[in-house]
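Read through the structure below, which is laid out as structure tokens, and then see the notes.
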Amino acid sequence: MANREAIMRIAEANAKRTVTLPDGTRVPALGQGTWNIGDKPGSRQSEIAALRLGVELGMTLIDTAEMYGEGESERLVGEAIAGMRDRVFLVSKVYPHNSGRDRIAASCEASLKRLGTDRLDLYLLHWRGRVPLDEVAEGMERLKEQGKILRWGVSNFDVSDMRELFETPKGAGCALNQVLYHLGSRGIEYDLLPWQRERRLPTMAYCPLAQAGSLRKGLIDNETVRDIAADRNITPFQLLLAWCIRGGDVIAIPKASSENHVWANAEAGALMLTEEELRRLDSAFPPPTRKLPLDIV
């Protein structure tokens, strides 16, 4: 099969695998993360090529942050999406100390400049800091009114934080919560995921591959993971991605700094796990039976 035909086939599969945001917007269930991308000048061109290929393969959601490389990731993303901005659902995040009413507008403007765009599709509070949540929500809503962002959300919020946010006057405007989530870290399934699902509030999973398995010892080498992957003729990493997006309301944003990794990630979008495979994975990595602290990296 020609390369262009392969790209079209995978892109079509990923276009069918979407998550719906509260405003009805549909975004791909598989996006692209950029943590630690842009840090090495010698890898810049290959990282740009990888991001652009990811867009071609249907992974049109790109997540970055002002924290990543202190803006270098945003600059690289801006270069990568030049000429294809309208095809990309662009996400960035603000430092907690920049999220107050006196700083959030300037911080957003700086991100927009580095990204070479006039608006963000989604702007997230990177984690909870000292700025009161009602002030954060007010600042985000003001950015929406100005057209600088189309939606806003949060990251690294546990269920207690989400409840507190939604009790503020403008907190219900939150469109998404981004948290660490992978097969070896399922704590959010006990209370956070159910709470968000009741409100049709999607989750964005960072580190869905557990940073190549480094966040959970034995995850990639687990016998069940390897057996299922071998039976499917896929890699353990592709199995982890398929598991992460199995429910239809979780967006996974794996990082890939090479084109080979991008191809592998994108192909996972077409994988649908069977009930038997899911039961086997549950047996190997059981869902939580009690409240666990929120995993944060």
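Ligands are numbered from 1 in the order shown, chains are lettered A, B, ... in the order of the structure tokens, and residues start at 1 in each chain.
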(request) Give me the residues within 8 Å of A:Thr117 as a VMD selection string, counting only C-alpha atoms and dropping any in the same chain fewer than 3 places off. (result) chain A and resid 78 85 112 to 113 120
(message) as a PyMOL selection string, please: the residues near stretch 203-215 of chain A (cut-off 6 Å, only C-alpha atoms, same-chain neighbours under 3 positions excluded).
(response) chain A and resi 176-182+219-220+250-253
Please produce a file of those selected residues containing C-alpha atoms, as a PDB file, in the first residue's frame.
ATOM      1  CA  LEU A 176     -12.129  19.255  30.591  1.00  0.00           C
ATOM      2  CA  ASN A 177      -9.748  17.918  33.220  1.00  0.00           C
ATOM      3  CA  GLN A 178      -6.302  16.607  32.214  1.00  0.00           C
ATOM      4  CA  VAL A 179      -4.782  14.025  34.557  1.00  0.00           C
ATOM      5  CA  LEU A 180      -2.279  11.192  34.568  1.00  0.00           C
ATOM      6  CA  TYR A 181      -3.996   7.966  33.535  1.00  0.00           C
ATOM      7  CA  HIS A 182      -2.760   4.653  32.223  1.00  0.00           C
ATOM      8  CA  LEU A 219       3.838  -2.677  33.058  1.00  0.00           C
ATOM      9  CA  ILE A 220       5.316  -3.224  29.607  1.00  0.00           C
ATOM     10  CA  VAL A 250     -10.964   9.895  27.434  1.00  0.00           C
ATOM     11  CA  ILE A 251      -8.464  11.626  25.164  1.00  0.00           C
ATOM     12  CA  ALA A 252      -4.942  10.192  25.206  1.00  0.00           C
ATOM     13  CA  ILE A 253      -1.989  12.438  24.342  1.00  0.00           C
TER      14      ILE A 253
END
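Closest to A:Glu12 among A:Leu90, A:Val159, A:Val131, A:Val55 is A:Val55, based on only C-alpha atoms.
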(request) May I have the residues within 8 Å of A:Ile62 as a ChimeraX atom specification, using only C-alpha atoms and disregarding those fewer than 4 positions away in the same chain? (result) /A:31-34,88-91,253
Can you list every residue of stretch 47-120 of chain A that has an atom at most 9 Å from stretch 146-151 of chain A, with its nearest atom pair and the distance in Å to one decimal, using only C-alpha atoms, ordered by chain then number, as JSON lines?
{"residue": "A:Ala105", "atom": "CA", "partner": "A:Lys148", "partner_atom": "CA", "distance": 8.9}
{"residue": "A:Cys108", "atom": "CA", "partner": "A:Lys148", "partner_atom": "CA", "distance": 7.8}
{"residue": "A:Glu109", "atom": "CA", "partner": "A:Lys148", "partner_atom": "CA", "distance": 7.9}
{"residue": "A:Leu112", "atom": "CA", "partner": "A:Lys148", "partner_atom": "CA", "distance": 8.3}
{"residue": "A:Asp118", "atom": "CA", "partner": "A:Lys148", "partner_atom": "CA", "distance": 6.4}
{"residue": "A:Arg119", "atom": "CA", "partner": "A:Lys148", "partner_atom": "CA", "distance": 4.5}
{"residue": "A:Leu120", "atom": "CA", "partner": "A:Ile149", "partner_atom": "CA", "distance": 4.6}
I want to know what sits within 12 Å of A:Ala172, based on only C-alpha atoms, with residues of the same chain fewer than 4 positions away left out; could you give that as a compact mmCIF listing (two decimals) with all heavy atoms, in the first residue's frame?
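Contents of the output file result27.txt:
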# COMPACT_ATOMS: atom_id res chain seq x y z
N PRO A 22 -18.13 19.45 26.13
CA PRO A 22 -19.44 19.93 26.60
C PRO A 22 -20.19 20.81 25.60
O PRO A 22 -21.42 20.82 25.60
CB PRO A 22 -19.08 20.71 27.87
CG PRO A 22 -17.88 20.02 28.39
CD PRO A 22 -17.09 19.64 27.17
N LEU A 133 -9.85 29.71 43.02
CA LEU A 133 -10.44 29.13 41.82
C LEU A 133 -11.47 30.05 41.17
O LEU A 133 -11.62 30.04 39.95
CB LEU A 133 -11.08 27.78 42.16
CG LEU A 133 -10.11 26.67 42.58
CD1 LEU A 133 -10.87 25.37 42.84
CD2 LEU A 133 -9.03 26.45 41.53
N ASP A 134 -12.18 30.83 41.96
CA ASP A 134 -13.14 31.75 41.34
C ASP A 134 -12.43 32.80 40.52
O ASP A 134 -12.93 33.23 39.47
CB ASP A 134 -14.05 32.39 42.40
CG ASP A 134 -13.28 33.17 43.46
OD1 ASP A 134 -12.05 33.00 43.57
OD2 ASP A 134 -13.92 33.96 44.18
N ALA A 137 -11.31 31.04 37.20
CA ALA A 137 -12.44 30.87 36.30
C ALA A 137 -12.86 32.21 35.68
O ALA A 137 -13.17 32.28 34.49
CB ALA A 137 -13.62 30.24 37.04
N GLU A 138 -12.84 33.25 36.50
CA GLU A 138 -13.20 34.58 35.99
C GLU A 138 -12.23 35.02 34.90
O GLU A 138 -12.64 35.56 33.86
CB GLU A 138 -13.19 35.58 37.14
CG GLU A 138 -13.55 37.00 36.73
CD GLU A 138 -13.43 37.98 37.90
OE1 GLU A 138 -13.55 37.53 39.07
OE2 GLU A 138 -13.21 39.17 37.63
N MET A 140 -10.37 33.10 32.98
CA MET A 140 -10.56 32.25 31.80
C MET A 140 -11.78 32.71 31.00
O MET A 140 -11.72 32.79 29.75
CB MET A 140 -10.74 30.79 32.23
CG MET A 140 -9.49 30.13 32.79
SD MET A 140 -8.26 29.81 31.49
CE MET A 140 -7.15 28.68 32.38
N GLU A 141 -12.86 33.01 31.68
CA GLU A 141 -14.06 33.46 30.98
C GLU A 141 -13.82 34.79 30.27
O GLU A 141 -14.34 35.04 29.18
CB GLU A 141 -15.23 33.57 31.95
CG GLU A 141 -15.77 32.24 32.44
CD GLU A 141 -16.41 31.43 31.33
OE1 GLU A 141 -16.92 32.02 30.36
OE2 GLU A 141 -16.42 30.18 31.43
N ARG A 151 -12.18 27.70 24.74
CA ARG A 151 -12.63 26.91 25.89
C ARG A 151 -11.53 26.92 26.94
O ARG A 151 -10.38 27.21 26.63
CB ARG A 151 -12.90 25.44 25.48
CG ARG A 151 -13.93 25.28 24.42
CD ARG A 151 -13.81 23.91 23.74
NE ARG A 151 -14.53 23.91 22.48
CZ ARG A 151 -14.01 24.33 21.34
NH1 ARG A 151 -12.75 24.77 21.29
NH2 ARG A 151 -14.73 24.33 20.23
N TRP A 152 -11.89 26.54 28.15
CA TRP A 152 -10.86 26.42 29.18
C TRP A 152 -11.14 25.22 30.06
O TRP A 152 -12.24 24.68 30.09
CB TRP A 152 -10.79 27.69 30.03
CG TRP A 152 -12.02 28.00 30.86
CD1 TRP A 152 -13.11 28.71 30.47
CD2 TRP A 152 -12.26 27.61 32.21
NE1 TRP A 152 -14.03 28.79 31.49
CE2 TRP A 152 -13.52 28.12 32.58
CE3 TRP A 152 -11.54 26.87 33.17
CZ2 TRP A 152 -14.09 27.92 33.84
CZ3 TRP A 152 -12.09 26.67 34.42
CH2 TRP A 152 -13.35 27.19 34.75
N GLY A 153 -10.11 24.78 30.74
CA GLY A 153 -10.25 23.65 31.62
C GLY A 153 -9.14 23.65 32.66
O GLY A 153 -8.49 24.67 32.89
N VAL A 154 -8.94 22.50 33.27
CA VAL A 154 -7.95 22.38 34.34
C VAL A 154 -7.12 21.13 34.13
O VAL A 154 -7.42 20.29 33.28
CB VAL A 154 -8.63 22.34 35.73
CG1 VAL A 154 -9.31 23.67 36.03
CG2 VAL A 154 -9.62 21.19 35.82
N MET A 162 -12.44 19.55 41.77
CA MET A 162 -13.47 19.75 40.76
C MET A 162 -14.77 20.23 41.42
O MET A 162 -15.44 21.14 40.90
CB MET A 162 -13.71 18.48 39.97
CG MET A 162 -12.53 18.02 39.12
SD MET A 162 -11.98 19.25 37.91
CE MET A 162 -13.41 19.35 36.85
N ARG A 163 -15.13 19.62 42.53
CA ARG A 163 -16.35 20.05 43.22
C ARG A 163 -16.24 21.52 43.64
O ARG A 163 -17.19 22.29 43.47
CB ARG A 163 -16.59 19.17 44.45
CG ARG A 163 -17.02 17.75 44.15
CD ARG A 163 -17.53 17.09 45.41
NE ARG A 163 -17.90 15.69 45.19
CZ ARG A 163 -17.19 14.65 45.59
NH1 ARG A 163 -16.07 14.84 46.27
NH2 ARG A 163 -17.60 13.42 45.35
N GLU A 164 -15.09 21.87 44.20
CA GLU A 164 -14.90 23.25 44.63
C GLU A 164 -14.95 24.21 43.46
O GLU A 164 -15.55 25.30 43.54
CB GLU A 164 -13.57 23.38 45.36
CG GLU A 164 -13.34 24.75 45.98
CD GLU A 164 -12.04 24.82 46.75
OE1 GLU A 164 -11.50 23.77 47.14
OE2 GLU A 164 -11.54 25.97 46.94
N LEU A 165 -14.34 23.82 42.34
CA LEU A 165 -14.36 24.67 41.14
C LEU A 165 -15.79 24.90 40.67
O LEU A 165 -16.19 26.02 40.36
CB LEU A 165 -13.54 24.02 40.03
CG LEU A 165 -13.58 24.71 38.66
CD1 LEU A 165 -12.95 26.10 38.73
CD2 LEU A 165 -12.86 23.86 37.61
N PHE A 166 -16.59 23.84 40.61
CA PHE A 166 -17.94 23.93 40.08
C PHE A 166 -18.88 24.69 41.02
O PHE A 166 -19.97 25.08 40.62
CB PHE A 166 -18.49 22.54 39.77
CG PHE A 166 -18.18 22.09 38.36
CD1 PHE A 166 -16.86 21.95 37.94
CD2 PHE A 166 -19.19 21.85 37.46
CE1 PHE A 166 -16.57 21.55 36.64
CE2 PHE A 166 -18.92 21.45 36.16
CZ PHE A 166 -17.59 21.31 35.74
N GLU A 167 -18.44 24.91 42.25
CA GLU A 167 -19.24 25.71 43.19
C GLU A 167 -18.99 27.21 43.03
O GLU A 167 -19.74 28.02 43.58
CB GLU A 167 -18.93 25.28 44.63
CG GLU A 167 -19.50 23.92 44.98
CD GLU A 167 -19.02 23.43 46.34
OE1 GLU A 167 -18.22 24.15 46.98
OE2 GLU A 167 -19.45 22.34 46.76
N THR A 168 -17.95 27.59 42.27
CA THR A 168 -17.68 29.00 42.03
C THR A 168 -18.64 29.53 40.97
O THR A 168 -19.19 28.75 40.18
CB THR A 168 -16.22 29.23 41.57
OG1 THR A 168 -16.03 28.61 40.30
CG2 THR A 168 -15.24 28.63 42.57
N LEU A 176 -12.93 20.48 30.61
CA LEU A 176 -12.13 19.25 30.59
C LEU A 176 -11.17 19.26 31.77
O LEU A 176 -10.78 20.32 32.26
CB LEU A 176 -11.37 19.18 29.26
CG LEU A 176 -10.42 18.03 28.97
CD1 LEU A 176 -10.50 17.65 27.48
CD2 LEU A 176 -8.98 18.40 29.31
N GLN A 196 -16.98 13.04 36.75
CA GLN A 196 -16.94 13.77 35.48
C GLN A 196 -17.93 13.19 34.47
O GLN A 196 -18.54 13.94 33.70
CB GLN A 196 -15.51 13.76 34.92
CG GLN A 196 -14.55 14.59 35.76
CD GLN A 196 -13.16 14.73 35.14
OE1 GLN A 196 -12.23 15.08 35.82
NE2 GLN A 196 -13.02 14.50 33.85
N ARG A 199 -21.36 14.46 34.61
CA ARG A 199 -21.50 15.83 34.08
C ARG A 199 -21.06 15.92 32.62
O ARG A 199 -20.94 17.00 32.07
CB ARG A 199 -20.68 16.79 34.94
CG ARG A 199 -21.29 16.96 36.33
CD ARG A 199 -20.27 17.34 37.38
NE ARG A 199 -20.92 17.41 38.70
CZ ARG A 199 -21.19 16.34 39.45
NH1 ARG A 199 -20.85 15.13 39.03
NH2 ARG A 199 -21.78 16.47 40.62
N ARG A 200 -20.80 14.75 32.02
CA ARG A 200 -20.35 14.68 30.61
C ARG A 200 -19.13 15.57 30.39
O ARG A 200 -19.02 16.26 29.37
CB ARG A 200 -21.49 15.06 29.67
CG ARG A 200 -22.67 14.10 29.75
CD ARG A 200 -23.75 14.43 28.75
NE ARG A 200 -24.85 13.48 28.84
CZ ARG A 200 -25.95 13.54 28.10
NH1 ARG A 200 -26.09 14.50 27.20
NH2 ARG A 200 -26.90 12.63 28.25
N LEU A 201 -18.23 15.48 31.33
CA LEU A 201 -17.00 16.26 31.29
C LEU A 201 -15.84 15.33 30.93
O LEU A 201 -15.48 14.46 31.73
CB LEU A 201 -16.75 16.92 32.65
CG LEU A 201 -15.64 17.97 32.73
CD1 LEU A 201 -16.05 19.24 31.98
CD2 LEU A 201 -15.35 18.30 34.19
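For stretch 96-172 of chain A, a DSSP pass over the backbone yields strand (DSSP E or B) at A:Leu120, A:Leu122, A:Tyr123, A:Leu124, A:Leu125, A:Ile149, A:Trp152, A:Gly153, A:Val154, A:Ser155.
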(request) Just the residues within 7 Å of stretch 100-104 of chain A, please, counting only C-alpha atoms, with nothing from its chain fewer than 5 positions along; format it as a PyMOL selection string. (result) chain A and resi 131+135-136+139
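All residues within stretch 45-77 of chain A that the backbone DSSP calculation assigns to alpha helix (DSSP H) are Gln45, Ser46, Glu47, Ile48, Ala49, Ala50, Leu51, Arg52, Leu53, Gly54, Val55, Glu56, Glu72, Ser73, Glu74, Arg75, Leu76 and Val77 of chain A.
Near stretch 282-284 of chain A, within 10 Å and counting only C-alpha atoms, sit Leu183, Gly184, Leu219, Asn222, Glu223, Thr224, Val225, Glu276, Glu277, Leu278, Arg279 and Pro287 of chain A; same-chain residues fewer than 3 positions away were not included.
Distance-wise, atom CA of A:Arg17 and atom CA of A:Leu53 end up 17.9 Å apart.
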(request) Please provide the set of residues having any atom within 9 Å of A:Arg52, restricted to only C-alpha atoms, with same-chain residues fewer than 3 positions apart removed, written as an NGL selection string. (result) :A and (47-49 or 55-57 or 80-81 or 84)
